[in-house]
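Report on one structure; see the data block that follows.
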Protein chains: 2
Amino acid sequence: MPEWRKDPIVDRWVIIATDRAKRPLDYKEINEEKKTQLCPLCEGNEEQTPPEIVAYRNPATGKDTPGWWVRVVPNKFPALKIEGEITQHQHGVYHYMNGVGAHEVVVETTSHVPGLDGETEKQVEEVIWAWRDRSLDLRKDARLKYIQIFKNTGSIAGASLEHTHSQLIALPLVPPDIKQELDGMREYSNRRGSCAVCDILRQEIMERERVVIESDHFLCYSPFASRFPFETWIAPKEHQHDFVQLREEQVRDLAVVIRSVLSKMSATVKNMPYNMVLHTAPINSRDEYHYHWHLEIMPRLTIMAGFELGTGYFINPTPPEIAAQALREKQETYPFFERPLMEVHRYV
Amino acid sequence: MPEWRKDPIVDRWVIIATDRAKRPLDYKEINEEKKTQLCPLCEGNEEQTPPEIVAYRNPATGKDTPGWWVRVVPNKFPALKIEGEITQHQHGVYHYMNGVGAHEVVVETTSHVPGLDGETEKQVEEVIWAWRDRSLDLRKDARLKYIQIFKNTGSIAGASLEHTHSQLIALPLVPPDIKQELDGMREYSNRRGSCAVCDILRQEIMERERVVIESDHFLCYSPFASRFPFETWIAPKEHQHDFVQLREEQVRDLAVVIRSVLSKMSATVKNMPYNMVLHTAPINSRDEYHYHWHLEIMPRLTIMAGFELGTGYFINPTPPEIAAQALREKQETYPFFERPLMEVHRYV
């Protein structure tokens, strides 16, 4: 069973992931190349993953067989496990609890493409619906407090499989980074009587210097205090605290924006590795209407080294104004081949 | 001039390092190999670095010439610059200030060895004295609030030069990670009437499960909530809030412990990349006697990916009890060749 452990000094929890436990001998000399023979996420290899939780698939096809276009499966090496009650323990100065939670993989397409920008707009929409559907389903579990949706692309950014996929970890605690944002936005709102993100969007749209893409419903921009070169945030122009409030026309619009910015990133630096995270209000919070959900895309062209890990500060060698201009000027190119999509058959 | 920028939502500052500015075209396709022809840190190449700030050298030799054994130089591409007053600015919802600070490199030895464990105990002592001397000198500058000493080893851990070296960044703000530790230790001390780190050391020494090395003056152990596989902390057994309180017999002892744990790490995974950070009380603080300074060594065998960057949580696949046992059992091997050392001639 995985374990949550709390640092006795600061409010920092660590997941000791016994199910992906690595013994000292498992760490080879670094820089060793590994290539999987068979991609467990490709169509036809469904038996390589744990049984599917849900799939958007042709109704005439069976579970864990071809015929799907988006498929959600449990992570084979989960950081947290869904079974059991949460029990807290103390041992001397130390606190820990069992590692309850959920860890799922969203297989974003049947074919072995490395990025979401290699897919059609329609397909990206379907992935967004899958994120939303799984969020809605998991929030029924009263033990869970927050659902972190994220995507790692490129091995430098932590992707162990090349086939484009995203992940979802459902947590029994509200994570520190979300708490910080909640507190910051609440404080801003109390002080100024407006939403911090709404005010940021207004200023960015007026100044345009850091805008990458503006669509009907979303703004994609390089944040003023970007931590990473080419970092972008995508936020709904309308104030929404919770990602699941997303309406159909917004999903369509968001798909276009995500695909477009990823394509601009690839056109700027080939195979730009990145992490994408979805920040939204905690589950069933009644007090978080001042929150404003958004996506953060963090390219991994710099390395977080001793200074960053020791202080919590970031050093970014590329001013966001320059990054935004470069991204803005890039032409999107979409390497996908148009494939006929099955009729949409959604889970929730 | 570099610039400090504050995130408008959370209390997070970013250094936009204009002096190491990278234009979009500077980012090549990743994974490209680069090898420097000439190591600027090797003896004989002194003209490759900015003029030395201080060096422990044979008094018969001149500045920026051979004859030194530890040499401190300004970073050629500084994240922050020492000149100027700190001026704060506001632009709409955004705050920023100019990038005042200092960024120095401690060249830890004359010869091109990749790690401190490749050096003699005496040499490691000299490096510790250099850290202390530079700390004492820089804290005379009233604009500075904190001095972060750190060391990156291995390119995965952010080292751009192979020749063993450490760095020092002096900051006009107390960093968030230090603030968190200060707050955590203060709160612990108010609640329990004792020091959190002293209590941790007591429990670790009693239980021994996570102890890697115990010496007369220091304990090196795998923290209960280790964020990284093989993470270790080295803390003085005696309560000291400030690193510069270090006495001569402690320096000797610390050199042995640092060298030994680095050697045990190399013996566990060849070329284990790591970051080492020194956490100490802020400069001239009168209220921080409850703080307990320590070194944190963070091996970089795992990748911080979307989950970590999105939540602030860490996933560690190797329980610290297993890591500590593996390190404890490893025999130290020292690849250094004993070289005659110059008579010590210290700066402060």
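Chains: A, B, ... in order of the structure tokens. Residues: from 1 per chain. Ligands: from 1, in order shown.
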- Task: Show me which bits of chain B are within 6 Å of chain A, counting only C-alpha atoms, as number ranges by chain.
- Result: B: 5-7, 9-10, 14-17, 20-22, 29, 150, 152, 157-158, 175-177, 181, 184-185, 225, 269-270, 275, 277, 303, 305-306, 310-318
- Item | Backbone DSSP call of strand (DSSP E) for segment 166-303 of chain B, listed as a PyMOL selection string | chain B and resi 166-171+211-214+218-221+232-236+274-279+294-299
- For Glu209 of chain B, the nearest of the candidates B:Arg57, B:Arg247, B:His165, B:Ala324, counting only C-alpha atoms: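 Closest residue, counting only C-alpha atoms: B:Ala324.
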- Query: Looking at B:Lys140, B:Pro172, B:Gln90, B:Arg132, which one is nearest to Ala102 of chain B, with distances taken over only C-alpha atoms?
  - Reply: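 So, comparing all the options, the nearest one is B:Pro172.
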- Message: I want to know what sits within 6 Å of Val73 of chain B, based on only C-alpha atoms, with residues of the same chain fewer than 4 positions away left out; could you give that as a list in words?
- Response: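 Those residues are Glu52, Ile53, Glu104 and Val105 of chain B.
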Let's have the selection written as a tab-separated table (two decimals), in the first residue's frame, with N, CA and C atoms.
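That gives us selection.tsv:
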chain	number	residue	atom	x	y	z
B	52	GLU	N	38.97	36.86	-9.96
B	52	GLU	CA	38.60	36.17	-8.72
B	52	GLU	C	38.22	37.15	-7.61
B	53	ILE	N	37.22	36.75	-6.82
B	53	ILE	CA	36.79	37.53	-5.67
B	53	ILE	C	37.72	37.23	-4.52
B	104	GLU	N	27.97	33.85	-7.24
B	104	GLU	CA	29.39	33.48	-7.26
B	104	GLU	C	29.57	31.98	-7.46
B	105	VAL	N	30.75	31.63	-7.98
B	105	VAL	CA	31.09	30.23	-8.19
B	105	VAL	C	32.30	29.89	-7.32
- Task: Tell me, as an NGL selection string, which residues lie within 8 Å of Glu332 of chain B, counting only C-alpha atoms; anything in the same chain fewer than 6 positions away does not count.
- Result: :B and (260 or 263-264 or 267)
Can you write out the residues you just picked, keeping C-alpha atoms, as a PDB file, in the first residue's frame?
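Final output, saved to part-v8.pdb:
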ATOM      1  CA  SER B 260      31.634   9.824   2.756  1.00  0.00           C
ATOM      2  CA  SER B 263      31.098   8.367  -2.116  1.00  0.00           C
ATOM      3  CA  LYS B 264      28.344   6.032  -0.866  1.00  0.00           C
ATOM      4  CA  ALA B 267      28.906   3.436  -5.086  1.00  0.00           C
TER       5      ALA B 267
END
- Separation of atom CA of Lys122 of chain A and atom CA of His241 of chain A, in Å? 25.1 Å
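Across the model, the gap from atom CA of Asn45 of chain B to atom CA of Ala60 of chain B is 18.6 Å.
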- Please measure the separation of atom CA of Gln240 of chain B and atom CA of Tyr291 of chain B, giving the value in Å to one decimal. 7.4 Å
